[in-house]
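What follows is protein.cif (mmCIF, C-alpha atoms and all ligand atoms).
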```
data_data
#
loop_
_atom_site.label_atom_id
_atom_site.label_comp_id
_atom_site.auth_asym_id
_atom_site.auth_seq_id
_atom_site.Cartn_x
_atom_site.Cartn_y
_atom_site.Cartn_z
CA MET A 1 107.86 13.87 96.20
CA ASN A 2 104.32 12.51 95.82
CA LEU A 3 104.57 10.74 99.16
CA SER A 4 105.63 14.02 100.73
CA LEU A 5 102.76 15.87 99.02
CA VAL A 6 100.19 13.38 100.30
CA LEU A 7 101.62 13.63 103.81
CA ARG A 8 101.46 17.45 103.64
CA HIS A 9 97.79 17.32 102.63
CA ILE A 10 97.05 15.10 105.63
CA LEU A 11 99.07 17.30 108.04
CA ALA A 12 97.40 20.45 106.70
CA ALA A 13 93.91 19.16 107.50
CA PRO A 14 94.19 16.27 109.95
CA GLY A 15 90.99 14.23 110.14
CA ALA A 16 89.44 16.33 107.37
CA VAL A 17 90.85 14.83 104.14
CA SER A 18 90.24 11.48 102.51
CA ARG A 19 92.05 9.67 99.68
CA ALA A 20 89.45 11.08 97.28
CA THR A 21 89.87 14.72 98.38
CA ILE A 22 93.67 14.45 98.21
CA ALA A 23 93.43 12.90 94.71
CA SER A 24 91.24 15.75 93.52
CA ARG A 25 93.53 18.40 95.06
CA MET A 26 96.63 16.78 93.54
CA GLY A 27 94.91 16.26 90.17
CA THR A 28 95.77 12.56 90.18
CA THR A 29 93.87 9.29 90.44
CA ARG A 30 92.42 7.93 93.61
CA ALA A 31 94.31 4.64 93.00
CA THR A 32 97.65 6.50 93.01
CA VAL A 33 96.79 8.35 96.20
CA SER A 34 95.52 5.15 97.85
CA ARG A 35 98.82 3.43 97.14
CA LEU A 36 100.75 6.35 98.66
CA VAL A 37 98.45 6.56 101.68
CA ASP A 38 98.84 2.80 102.22
CA GLU A 39 102.59 3.30 102.25
CA LEU A 40 102.26 6.03 104.88
CA CYS A 41 99.82 3.91 106.91
CA ASN A 42 102.19 0.91 106.81
CA THR A 43 104.95 2.97 108.41
CA GLY A 44 102.54 4.14 111.08
CA LEU A 45 102.91 7.83 110.16
CA VAL A 46 99.27 8.11 109.13
CA CYS A 47 96.07 6.39 110.23
CA ASP A 48 92.51 6.06 108.99
CA CYS A 49 90.05 7.79 111.27
CA SER A 50 86.48 6.58 111.63
CA PRO A 51 84.32 6.88 108.50
CA SER A 52 82.96 10.40 108.08
CA GLY A 53 79.74 9.27 106.37
CA ASP A 54 80.05 12.12 103.90
CA ALA A 55 77.05 11.16 101.80
CA SER A 56 77.00 14.38 99.78
CA ARG A 57 79.79 13.11 97.52
CA GLY A 58 78.00 9.85 96.95
CA ARG A 59 80.47 7.70 98.88
CA PRO A 60 81.92 7.80 102.31
CA GLY A 61 85.49 9.09 102.49
CA ILE A 62 87.59 7.77 105.30
CA PRO A 63 89.37 10.75 106.85
CA LEU A 64 93.11 10.51 107.35
CA ALA A 65 95.23 11.91 110.15
CA PRO A 66 98.81 11.70 111.38
CA GLN A 67 99.28 8.90 113.90
CA PHE A 68 99.63 10.41 117.36
CA GLY A 69 102.97 9.69 119.01
CA ARG A 70 104.49 7.54 116.23
CA VAL A 71 107.41 9.91 115.55
CA VAL A 72 108.96 12.14 118.18
CA SER A 73 111.48 14.93 117.81
CA LEU A 74 113.26 17.04 120.38
CA GLY A 75 114.10 20.76 120.45
CA VAL A 76 116.75 21.96 122.91
CA GLU A 77 118.01 25.45 123.62
CA ILE A 78 120.81 27.18 125.47
CA ASN A 79 120.09 30.84 126.17
CA ILE A 80 121.60 33.40 128.49
CA SER A 81 119.28 32.77 131.44
CA TYR A 82 117.82 29.32 130.79
CA LEU A 83 118.15 25.87 129.24
CA SER A 84 115.09 24.35 127.64
CA ALA A 85 113.98 21.08 126.05
CA CYS A 86 110.71 20.15 124.39
CA ALA A 87 109.58 16.90 122.73
CA VAL A 88 106.94 17.12 120.01
CA GLU A 89 105.21 14.48 117.88
CA LEU A 90 103.82 14.68 114.34
CA THR A 91 100.35 16.00 115.22
CA GLY A 92 102.12 18.90 116.96
CA GLU A 93 101.29 17.85 120.48
CA ILE A 94 103.99 18.59 123.06
CA LEU A 95 104.74 15.31 124.84
CA ALA A 96 107.10 16.70 127.47
CA GLN A 97 109.01 19.89 128.14
CA GLU A 98 111.11 21.50 130.84
CA THR A 99 113.00 24.76 131.30
CA VAL A 100 115.77 25.28 133.84
CA ARG A 101 116.75 28.83 134.86
CA GLY A 102 120.42 29.72 135.24
CA ASP A 103 123.07 32.24 134.26
CA PHE A 104 124.96 31.10 131.18
CA ALA A 105 126.64 34.42 130.35
CA GLY A 106 130.36 33.68 130.08
CA SER A 107 129.70 29.96 130.68
CA ASP A 108 131.98 27.09 129.70
CA PRO A 109 130.32 25.51 126.62
CA ALA A 110 131.16 21.96 127.78
CA VAL A 111 129.59 22.54 131.21
CA ALA A 112 126.45 24.16 129.76
CA MET A 113 126.10 21.36 127.18
CA ALA A 114 126.44 18.70 129.88
CA GLN A 115 123.59 20.34 131.83
CA LEU A 116 121.53 20.57 128.64
CA VAL A 117 122.05 16.88 127.89
CA ASP A 118 120.81 15.91 131.38
CA LEU A 119 117.69 18.00 130.83
CA ALA A 120 117.19 16.63 127.29
CA ARG A 121 117.42 13.00 128.43
CA ARG A 122 114.89 13.66 131.19
CA VAL A 123 112.44 15.21 128.74
CA MET A 124 112.93 12.40 126.20
CA THR A 125 112.28 9.71 128.80
CA ALA A 126 109.01 11.41 129.76
CA ALA A 127 108.05 11.89 126.09
CA MET A 128 108.68 8.29 125.05
CA LYS A 129 106.66 7.11 128.05
CA SER A 130 103.66 9.25 127.11
CA ALA A 131 103.78 8.10 123.46
CA LYS A 132 104.36 4.44 124.37
CA ALA A 133 101.11 3.13 122.88
CA ALA A 134 102.13 4.35 119.42
CA ASN A 135 105.48 2.48 119.48
CA PRO A 136 107.28 5.83 119.10
CA VAL A 137 110.35 6.33 116.93
CA PHE A 138 112.69 9.17 117.89
CA VAL A 139 113.78 11.04 114.75
CA GLY A 140 116.38 13.44 116.13
CA SER A 141 117.01 16.68 117.94
CA GLY A 142 117.58 20.32 116.98
CA LEU A 143 119.60 22.83 119.00
CA ALA A 144 118.73 26.53 119.27
CA LEU A 145 121.52 28.98 120.13
CA PRO A 146 121.53 32.78 120.58
CA GLY A 147 124.19 33.55 117.99
CA LEU A 148 125.56 33.23 114.48
CA VAL A 149 125.37 29.58 113.49
CA SER A 150 126.66 28.22 110.18
CA LEU A 151 126.71 24.60 108.99
CA GLU A 152 130.01 23.86 110.73
CA THR A 153 130.52 26.57 113.33
CA LEU A 154 128.97 28.63 116.06
CA ALA A 155 130.80 31.77 114.97
CA LEU A 156 129.66 34.02 117.77
CA ALA A 157 127.17 34.10 120.63
CA PRO A 158 128.20 37.42 122.19
CA ASN A 159 126.01 37.26 125.29
CA LEU A 160 127.10 33.71 126.11
CA GLY A 161 130.69 34.79 125.47
CA TRP A 162 131.12 31.87 123.01
CA ARG A 163 132.93 32.22 119.68
CA ASP A 164 134.47 30.06 116.97
CA LEU A 165 133.18 26.75 118.30
CA SER A 166 133.11 23.73 116.01
CA LEU A 167 129.58 22.32 115.95
CA ASP A 168 130.96 18.76 115.85
CA GLU A 169 132.68 19.34 119.18
CA LEU A 170 129.82 21.32 120.67
CA LEU A 171 127.28 18.60 119.75
CA GLU A 172 129.40 15.66 120.84
CA PRO A 173 127.69 15.37 124.28
CA LEU A 174 124.28 15.29 122.49
CA SER A 175 125.33 12.49 120.12
CA ASP A 176 123.02 9.83 121.61
CA LEU A 177 120.11 12.23 120.96
CA ASN A 178 120.91 12.34 117.23
CA PRO A 179 121.36 16.11 116.71
CA VAL A 180 120.38 16.82 113.10
CA LEU A 181 120.31 20.61 113.10
CA VAL A 182 121.62 23.66 114.93
CA ALA A 183 120.21 27.12 114.26
CA ASN A 184 119.74 30.58 115.66
CA GLU A 185 117.01 30.73 118.31
CA ALA A 186 115.10 33.63 116.71
CA ASP A 187 115.13 31.86 113.32
CA LEU A 188 113.70 28.74 114.95
CA ALA A 189 111.06 30.75 116.85
CA ALA A 190 110.05 32.36 113.53
CA PHE A 191 109.83 28.86 112.01
CA ALA A 192 107.40 27.88 114.82
CA VAL A 193 105.25 30.96 114.10
CA ALA A 194 105.24 30.18 110.36
CA ASN A 195 104.57 26.45 110.98
CA PRO A 196 102.27 26.25 114.01
CA ARG A 197 102.05 22.45 113.53
CA PRO A 198 104.68 20.18 111.96
CA GLY A 199 104.44 20.22 108.18
CA ALA A 200 101.59 22.77 108.22
CA PRO A 201 102.71 26.25 107.11
CA ASP A 202 99.51 27.89 108.38
CA GLY A 203 101.20 30.90 109.99
CA PRO A 204 101.52 34.35 108.40
CA ALA A 205 103.27 34.31 105.00
CA SER A 206 105.71 37.21 105.49
CA PHE A 207 106.79 38.65 108.81
CA VAL A 208 109.67 39.57 111.10
CA TYR A 209 109.68 37.81 114.45
CA VAL A 210 111.58 39.83 117.07
CA SER A 211 112.94 37.78 119.92
CA GLY A 212 114.36 39.43 122.98
CA GLU A 213 116.31 38.19 125.94
CA VAL A 214 119.61 39.73 126.97
CA GLY A 215 120.23 39.97 123.25
CA ILE A 216 117.77 41.03 120.57
CA GLY A 217 117.43 38.90 117.44
CA ALA A 218 114.94 38.34 114.67
CA GLY A 219 113.80 35.68 112.27
CA ILE A 220 112.57 36.86 108.87
CA ILE A 221 110.06 34.84 106.83
CA ILE A 222 109.14 35.88 103.29
CA ASP A 223 106.41 34.01 101.37
CA HIS A 224 106.63 31.17 103.93
CA HIS A 225 110.40 30.82 103.40
CA PRO A 226 113.03 31.82 105.97
CA LEU A 227 115.34 34.59 104.76
CA ALA A 228 118.54 32.91 105.83
CA GLY A 229 121.22 34.94 104.07
CA ALA A 230 124.47 33.72 102.50
CA HIS A 231 125.76 32.12 105.72
CA GLY A 232 122.43 31.68 107.53
CA TRP A 233 123.25 34.70 109.68
CA SER A 234 120.45 37.09 108.74
CA GLY A 235 118.17 38.67 111.33
CA GLU A 236 120.75 40.15 113.71
CA ILE A 237 118.61 43.23 114.22
CA GLY A 238 119.99 43.72 117.73
CA HIS A 239 123.09 45.14 116.04
CA ILE A 240 121.37 47.63 113.77
CA CYS A 241 122.75 51.02 114.75
CA VAL A 242 120.01 53.34 115.95
CA ASP A 243 122.38 56.07 117.24
CA PRO A 244 126.15 56.01 116.59
CA SER A 245 126.72 58.18 119.66
CA GLY A 246 124.80 55.70 121.84
CA PRO A 247 126.06 53.27 124.50
CA ILE A 248 128.53 50.45 123.83
CA CYS A 249 126.99 47.11 122.84
CA SER A 250 128.12 43.54 123.66
CA CYS A 251 129.44 43.35 120.06
CA GLY A 252 131.86 46.24 120.64
CA ALA A 253 130.04 48.77 118.43
CA THR A 254 128.05 51.71 119.75
CA GLY A 255 124.36 52.55 119.66
CA CYS A 256 123.06 49.12 118.59
CA LEU A 257 119.36 48.37 119.24
CA GLU A 258 120.44 45.78 121.82
CA ALA A 259 122.26 48.49 123.81
CA TYR A 260 118.81 50.05 124.40
CA LEU A 261 116.39 47.15 124.35
CA GLY A 262 118.44 44.15 125.54
CA LEU A 263 117.19 43.11 128.98
CA ARG A 264 120.32 44.14 130.90
CA ALA A 265 120.63 47.44 129.05
CA LEU A 266 117.00 48.18 129.72
CA ALA A 267 117.24 47.33 133.44
CA ARG A 268 120.34 49.53 133.74
CA SER A 269 118.70 52.57 132.17
CA ALA A 270 115.54 51.94 134.21
CA GLY A 271 117.69 52.23 137.36
CA LEU A 272 116.94 48.59 138.32
CA PRO A 273 119.31 45.74 139.29
CA ALA A 274 121.01 43.80 136.47
CA GLY A 275 118.96 40.62 136.99
CA SER A 276 115.57 42.38 136.74
CA THR A 277 112.89 40.62 134.73
CA PRO A 278 110.89 42.37 132.00
CA GLU A 279 107.81 42.09 134.25
CA GLU A 280 109.69 44.02 136.98
CA ILE A 281 110.71 46.73 134.51
CA VAL A 282 107.11 47.09 133.29
CA SER A 283 105.72 47.26 136.81
CA ALA A 284 108.31 49.90 137.80
CA ALA A 285 107.12 51.99 134.84
CA ARG A 286 103.46 51.44 135.74
CA ASP A 287 104.22 52.33 139.37
CA GLY A 288 105.42 55.72 138.17
CA SER A 289 109.22 55.34 137.90
CA SER A 290 110.19 58.03 135.40
CA GLU A 291 113.52 56.26 134.77
CA ALA A 292 111.74 53.02 133.87
CA ARG A 293 109.22 54.85 131.68
CA SER A 294 111.92 56.71 129.85
CA ALA A 295 114.02 53.53 129.40
CA ILE A 296 111.07 51.71 127.80
CA ALA A 297 110.13 54.73 125.65
CA THR A 298 113.73 55.00 124.42
CA GLY A 299 113.86 51.24 123.81
CA GLY A 300 110.58 51.37 121.88
CA ALA A 301 111.80 54.24 119.70
CA ALA A 302 115.07 52.35 119.06
CA LEU A 303 113.04 49.26 118.09
CA GLY A 304 110.92 51.35 115.71
CA ARG A 305 114.03 52.80 114.03
CA ALA A 306 115.62 49.37 113.56
CA LEU A 307 112.37 47.87 112.25
CA SER A 308 111.92 50.79 109.84
CA ALA A 309 115.26 49.89 108.26
CA ILE A 310 114.09 46.30 107.77
CA VAL A 311 110.64 47.19 106.42
CA ASN A 312 112.12 49.75 104.01
CA THR A 313 114.64 47.16 102.79
CA VAL A 314 112.56 44.01 102.45
CA ASP A 315 108.93 45.26 102.43
CA ILE A 316 107.52 43.12 105.22
CA PRO A 317 103.92 43.80 106.27
CA GLU A 318 103.90 42.27 109.74
CA ILE A 319 106.15 42.46 112.79
CA ILE A 320 105.59 39.98 115.61
CA LEU A 321 107.08 40.73 119.01
CA GLY A 322 108.02 37.69 121.07
CA GLY A 323 110.00 36.69 124.16
CA ASN A 324 110.82 39.49 126.61
CA VAL A 325 109.95 42.09 124.00
CA ALA A 326 106.36 40.78 124.07
CA VAL A 327 106.15 41.30 127.84
CA LEU A 328 107.07 44.97 127.31
CA ALA A 329 104.92 45.32 124.20
CA ASP A 330 102.08 47.47 125.57
CA GLU A 331 104.61 50.15 126.51
CA LEU A 332 107.00 49.57 123.58
CA ILE A 333 104.52 49.58 120.73
CA PRO A 334 103.36 53.25 120.79
CA PRO A 335 106.88 54.78 120.48
CA ALA A 336 107.93 52.03 118.03
CA ARG A 337 104.83 52.69 115.92
CA ASP A 338 105.57 56.44 115.85
CA GLU A 339 109.03 55.75 114.44
CA LEU A 340 107.69 53.27 111.88
CA HIS A 341 105.06 55.76 110.81
CA ALA A 342 107.64 58.52 110.38
CA ARG A 343 110.35 56.42 108.70
CA VAL A 344 108.70 53.71 106.59
CA LEU A 345 108.22 55.10 103.12
CA GLN A 346 105.21 52.89 102.35
CA SER A 347 103.39 53.86 105.57
CA PRO A 348 100.69 56.04 103.97
CA TRP A 349 99.67 53.09 101.73
CA ALA A 350 100.42 50.04 103.85
CA GLU A 351 101.35 50.69 107.47
CA PRO A 352 103.27 47.67 108.81
CA GLU A 353 101.28 45.85 111.46
CA LEU A 354 102.92 45.40 114.86
CA ARG A 355 101.50 42.63 116.97
CA ILE A 356 102.41 40.75 120.09
CA SER A 357 102.95 37.01 119.95
CA GLU A 358 101.42 34.89 122.63
CA VAL A 359 103.91 35.40 125.45
CA ARG A 360 105.75 32.11 125.57
CA ALA A 361 109.45 31.56 125.93
CA ASP A 362 109.44 28.12 124.32
CA LEU A 363 108.93 29.02 120.66
CA ALA A 364 112.59 28.36 119.76
CA VAL A 365 112.55 24.77 121.09
CA ILE A 366 109.17 24.13 119.45
CA GLY A 367 110.57 25.53 116.19
CA ALA A 368 113.63 23.28 116.50
CA ALA A 369 111.43 20.20 117.06
CA HIS A 370 109.11 21.14 114.17
CA LYS A 371 112.09 21.70 111.89
CA VAL A 372 113.44 18.22 112.66
CA LEU A 373 110.00 16.77 111.78
CA GLN A 374 109.94 18.90 108.61
CA ARG A 375 112.89 16.87 107.30
CA LEU A 376 110.75 13.74 107.58
CA VAL A 377 107.81 15.49 105.88
CA ASP A 378 110.09 16.66 103.04
CA ASP A 379 111.50 13.16 102.46
CA PRO A 380 109.37 10.42 104.00
CA ILE A 381 111.08 7.72 101.92
CA ALA A 382 114.48 8.37 103.48
CA TRP A 383 112.82 7.92 106.82
CA THR A 384 110.64 4.92 105.98
CA ASN A 385 113.66 3.12 104.53
CA GLY A 386 115.38 3.52 107.87
CA ILE A 387 112.47 2.02 109.83
CA PRO A 388 113.41 -1.09 111.75
ZN ZN B 1 125.90 45.42 118.76
#
```

Go ahead and render the structure in this file as structure tokens.
Amino acid sequence: MNLSLVLRHILAAPGAVSRATIASRMGTTRATVSRLVDELCNTGLVCDCSPSGDASRGRPGIPLAPQFGRVVSLGVEINISYLSACAVELTGEILAQETVRGDFAGSDPAVAMAQLVDLARRVMTAAMKSAKAANPVFVGSGLALPGLVSLETLALAPNLGWRDLSLDELLEPLSDLNPVLVANEADLAAFAVANPRPGAPDGPASFVYVSGEVGIGAGIIIDHHPLAGAHGWSGEIGHICVDPSGPICSCGATGCLEAYLGLRALARSAGLPAGSTPEEIVSAARDGSSEARSAIATGGAALGRALSAIVNTVDIPEIILGGNVAVLADELIPPARDELHARVLQSPWAEPELRISEVRADLAVIGAAHKVLQRLVDDPIAWTNGIP
């Protein structure tokens, strides 16, 4: 536990903490911290930087930092229209990444996994090459999926058309890449927002991250902790009913948020072809298409209704829009905000803040890679004992 605490202090302020500052923050002796730091240095996780010459404290403190490239993890993702892989090391630098477009709706899981493994191996080869000087150790991979994932099963990924798949079987093709976790893609993207660097929970404390592709999902973080739910299935906001008399959703129910704001639903009501991108839907609206404008306005209002239900239930101050939803955000936010204002009981005192995440599609794979590294940060001894 102390080894983990020391490592967290170093990851929280790389190059800006010394043994003495960590000792004072932990309320322990410098000798104890030095012993722990030596242990971390011996495994190559941490290194001494050049002396800072901090004369104000009466003695120079040697700043500590994670060793670049020493440990590498891999995040991989299967989504409806792409496969993605991203290798990250302990300082948070991305060593290699690649995304391949495709149509995985109704795909054969074994075929999609085989393609993912090819991509993952390519990315890992590039990553290990770029970290070569640090004698890198690969610590494992994490898989992001757009569906309900429990410890043993992918229960349902409605837009992939996958259900009741044993994770052991699903992960078998990835076995040489040591898969240590599988989770919902929106939950992993939220983890990346909450932990912008491995082991450094510097992101907002409590928020809902809304992720949109063909499906709409969310990851909920409260006081820096993911709200997982009893089975780990929380955050399925795409299936909050915003109008029971609305269109049929991929889940079989009617009037779900996803039936308005999911990419295919949105393209259909905007009068555009099924494969339209969010950028194409936005530009149709900006070019004056009344169908596209009305589709986005209806989608934004539906989003606001669904989010109001969440804010009223769990009192979350911040909503971050990511993925495709972020591309549409300028048009979606005003109608969504109107609904939040009208429906959230706390609005007059604390209006929930809606903001757009940096538009990047790779947050889920980064979150998966960071979460694999988090296991090492939580229990460095288990890892150091396994070092060759
Ligand atoms: Zn639904």

Any chance you could tabulate, as JSON lines, the residues of chain A at most 7 Å from ligand ZN 1 (chain B) with each one's nearest atom pair and distance in Å to one decimal, using all atoms listed in the file, in chain and rising number order?
```
{"residue": "A:Gly238", "atom": "CA", "partner": "B:ZN1", "partner_atom": "ZN", "distance": 6.2}
{"residue": "A:His239", "atom": "CA", "partner": "B:ZN1", "partner_atom": "ZN", "distance": 3.9}
{"residue": "A:Cys249", "atom": "CA", "partner": "B:ZN1", "partner_atom": "ZN", "distance": 4.5}
{"residue": "A:Ser250", "atom": "CA", "partner": "B:ZN1", "partner_atom": "ZN", "distance": 5.7}
{"residue": "A:Cys251", "atom": "CA", "partner": "B:ZN1", "partner_atom": "ZN", "distance": 4.3}
{"residue": "A:Gly252", "atom": "CA", "partner": "B:ZN1", "partner_atom": "ZN", "distance": 6.3}
{"residue": "A:Ala253", "atom": "CA", "partner": "B:ZN1", "partner_atom": "ZN", "distance": 5.3}
{"residue": "A:Thr254", "atom": "CA", "partner": "B:ZN1", "partner_atom": "ZN", "distance": 6.7}
{"residue": "A:Cys256", "atom": "CA", "partner": "B:ZN1", "partner_atom": "ZN", "distance": 4.7}
{"residue": "A:Glu258", "atom": "CA", "partner": "B:ZN1", "partner_atom": "ZN", "distance": 6.3}
{"residue": "A:Ala259", "atom": "CA", "partner": "B:ZN1", "partner_atom": "ZN", "distance": 6.9}
```

Export of prior selection with C-alpha atoms as a PDB file, in the coordinates of the input:
```
ATOM      1  CA  GLY A 238     119.990  43.720 117.730  1.00  0.00           C
ATOM      2  CA  HIS A 239     123.090  45.140 116.040  1.00  0.00           C
ATOM      3  CA  CYS A 249     126.990  47.110 122.840  1.00  0.00           C
ATOM      4  CA  SER A 250     128.120  43.540 123.660  1.00  0.00           C
ATOM      5  CA  CYS A 251     129.440  43.350 120.060  1.00  0.00           C
ATOM      6  CA  GLY A 252     131.860  46.240 120.640  1.00  0.00           C
ATOM      7  CA  ALA A 253     130.040  48.770 118.430  1.00  0.00           C
ATOM      8  CA  THR A 254     128.050  51.710 119.750  1.00  0.00           C
ATOM      9  CA  CYS A 256     123.060  49.120 118.590  1.00  0.00           C
ATOM     10  CA  GLU A 258     120.440  45.780 121.820  1.00  0.00           C
ATOM     11  CA  ALA A 259     122.260  48.490 123.810  1.00  0.00           C
TER      12      ALA A 259
END
```

- request: Would you kindly return, as a ChimeraX atom specification, each protein, DNA or RNA residue with an atom no farther than 9 Å from any atom of region 5-12 of chain A, considering all atoms listed in the file and excluding same-chain residues fewer than 5 positions away?
  value: /A:17-19,22-23,25-26,33,36-37,40,45-46,63-66,90-91,197-202,377-378,380

field: Neighbour list for region 132-146 of chain A as a ChimeraX atom specification, cut-off 9 Å, all atoms listed in the file, skip fewer than 5 positions in-chain
entry: /A:44,67-80,87,89,124,127,154,156-160,171,174,177-188,215,217,364-365,367-373,376,383,387

Could you write out the selected residues, including C-alpha atoms, as a PDB file, keeping the file's coordinate frame?
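The resulting file, selection22.pdb, is reproduced below:
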```pdb
ATOM      1  CA  GLY A  44     102.540   4.140 111.080  1.00  0.00           C
ATOM      2  CA  GLN A  67      99.280   8.900 113.900  1.00  0.00           C
ATOM      3  CA  PHE A  68      99.630  10.410 117.360  1.00  0.00           C
ATOM      4  CA  GLY A  69     102.970   9.690 119.010  1.00  0.00           C
ATOM      5  CA  ARG A  70     104.490   7.540 116.230  1.00  0.00           C
ATOM      6  CA  VAL A  71     107.410   9.910 115.550  1.00  0.00           C
ATOM      7  CA  VAL A  72     108.960  12.140 118.180  1.00  0.00           C
ATOM      8  CA  SER A  73     111.480  14.930 117.810  1.00  0.00           C
ATOM      9  CA  LEU A  74     113.260  17.040 120.380  1.00  0.00           C
ATOM     10  CA  GLY A  75     114.100  20.760 120.450  1.00  0.00           C
ATOM     11  CA  VAL A  76     116.750  21.960 122.910  1.00  0.00           C
ATOM     12  CA  GLU A  77     118.010  25.450 123.620  1.00  0.00           C
ATOM     13  CA  ILE A  78     120.810  27.180 125.470  1.00  0.00           C
ATOM     14  CA  ASN A  79     120.090  30.840 126.170  1.00  0.00           C
ATOM     15  CA  ILE A  80     121.600  33.400 128.490  1.00  0.00           C
ATOM     16  CA  ALA A  87     109.580  16.900 122.730  1.00  0.00           C
ATOM     17  CA  GLU A  89     105.210  14.480 117.880  1.00  0.00           C
ATOM     18  CA  MET A 124     112.930  12.400 126.200  1.00  0.00           C
ATOM     19  CA  ALA A 127     108.050  11.890 126.090  1.00  0.00           C
ATOM     20  CA  LEU A 154     128.970  28.630 116.060  1.00  0.00           C
ATOM     21  CA  LEU A 156     129.660  34.020 117.770  1.00  0.00           C
ATOM     22  CA  ALA A 157     127.170  34.100 120.630  1.00  0.00           C
ATOM     23  CA  PRO A 158     128.200  37.420 122.190  1.00  0.00           C
ATOM     24  CA  ASN A 159     126.010  37.260 125.290  1.00  0.00           C
ATOM     25  CA  LEU A 160     127.100  33.710 126.110  1.00  0.00           C
ATOM     26  CA  LEU A 171     127.280  18.600 119.750  1.00  0.00           C
ATOM     27  CA  LEU A 174     124.280  15.290 122.490  1.00  0.00           C
ATOM     28  CA  LEU A 177     120.110  12.230 120.960  1.00  0.00           C
ATOM     29  CA  ASN A 178     120.910  12.340 117.230  1.00  0.00           C
ATOM     30  CA  PRO A 179     121.360  16.110 116.710  1.00  0.00           C
ATOM     31  CA  VAL A 180     120.380  16.820 113.100  1.00  0.00           C
ATOM     32  CA  LEU A 181     120.310  20.610 113.100  1.00  0.00           C
ATOM     33  CA  VAL A 182     121.620  23.660 114.930  1.00  0.00           C
ATOM     34  CA  ALA A 183     120.210  27.120 114.260  1.00  0.00           C
ATOM     35  CA  ASN A 184     119.740  30.580 115.660  1.00  0.00           C
ATOM     36  CA  GLU A 185     117.010  30.730 118.310  1.00  0.00           C
ATOM     37  CA  ALA A 186     115.100  33.630 116.710  1.00  0.00           C
ATOM     38  CA  ASP A 187     115.130  31.860 113.320  1.00  0.00           C
ATOM     39  CA  LEU A 188     113.700  28.740 114.950  1.00  0.00           C
ATOM     40  CA  GLY A 215     120.230  39.970 123.250  1.00  0.00           C
ATOM     41  CA  GLY A 217     117.430  38.900 117.440  1.00  0.00           C
ATOM     42  CA  ALA A 364     112.590  28.360 119.760  1.00  0.00           C
ATOM     43  CA  VAL A 365     112.550  24.770 121.090  1.00  0.00           C
ATOM     44  CA  GLY A 367     110.570  25.530 116.190  1.00  0.00           C
ATOM     45  CA  ALA A 368     113.630  23.280 116.500  1.00  0.00           C
ATOM     46  CA  ALA A 369     111.430  20.200 117.060  1.00  0.00           C
ATOM     47  CA  HIS A 370     109.110  21.140 114.170  1.00  0.00           C
ATOM     48  CA  LYS A 371     112.090  21.700 111.890  1.00  0.00           C
ATOM     49  CA  VAL A 372     113.440  18.220 112.660  1.00  0.00           C
ATOM     50  CA  LEU A 373     110.000  16.770 111.780  1.00  0.00           C
ATOM     51  CA  LEU A 376     110.750  13.740 107.580  1.00  0.00           C
ATOM     52  CA  TRP A 383     112.820   7.920 106.820  1.00  0.00           C
ATOM     53  CA  ILE A 387     112.470   2.020 109.830  1.00  0.00           C
TER      54      ILE A 387
END
```

Given only C-alpha atoms as the counted atoms, nearest of A:Lys129, A:Gly92, A:Thr32, A:Ser81 to Thr277 (chain A):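 Distance minimum relative to Thr277 (chain A) lands on A:Ser81.
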
CA of Thr43 (chain A) to CA of Gly15 (chain A), distance in Å rounded to a single decimal: 18.0 Å

Contact residues around Ala285 (chain A) with all atoms listed in the file at 10 Å, ignoring same-chain residues under 4 positions, as a list in words: Ala270, Glu279, Glu280, Ile281, Ser289, Ser290, Glu291, Ala292, Arg293, Ser294, Ala295, Ile296 and Glu331 of chain A

task: Write out as a list of chain:residue names the residues lying within 9 Å of Ser130 (chain A), counting only C-alpha atoms and excluding same-chain residues fewer than 5 positions away.
output: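 These residues fall inside the cut-off: A:Gly69, A:Leu95, A:Ala96, A:Thr125.
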
Restrict the selected residues to C-alpha atoms and save them as a short mmCIF file (atom, residue, chain, number, x, y, z; two decimals), in the frame of the given file.
```
data_model
loop_
_atom_site.label_atom_id
_atom_site.label_comp_id
_atom_site.auth_asym_id
_atom_site.auth_seq_id
_atom_site.Cartn_x
_atom_site.Cartn_y
_atom_site.Cartn_z
CA GLY A 69 102.97 9.69 119.01
CA LEU A 95 104.74 15.31 124.84
CA ALA A 96 107.10 16.70 127.47
CA THR A 125 112.28 9.71 128.80
#
```

- prompt: Which residues, written as a list in words, have at least one atom at most 6 Å from region 224-226 of chain A, with all atoms listed in the file counted and residues fewer than 3 positions away on the same chain left out?
  reply: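 The filter keeps Ala205, Ile220 and Ile221 of chain A.
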
Using C-alpha atoms, can you export the residues from the last selection as a compact mmCIF listing (two decimals), keeping the file's coordinate frame?
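Written output follows (again.txt):
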```txt
# COMPACT_ATOMS: atom_id res chain seq x y z
CA ALA A 205 103.27 34.31 105.00
CA ILE A 220 112.57 36.86 108.87
CA ILE A 221 110.06 34.84 106.83
```

- prompt: Using all atoms listed in the file, which residue out of A:Ala361, A:His231, A:Ile216, A:Ala120 lies closest to Ala155 (chain A)?
  reply: A:His231

query: What gap, in Å, lies between CA of Leu272 (chain A) and CA of Arg337 (chain A)?
result: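 Interatomic distance, CA of Leu272 (chain A) to CA of Arg337 (chain A): 25.8 Å.
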
- request: May I ask which of the residues A:Ala85, A:Val214, A:Ala230, A:Val311 is the closest one to Arg121 (chain A), counting only C-alpha atoms?
  value: A:Ala85
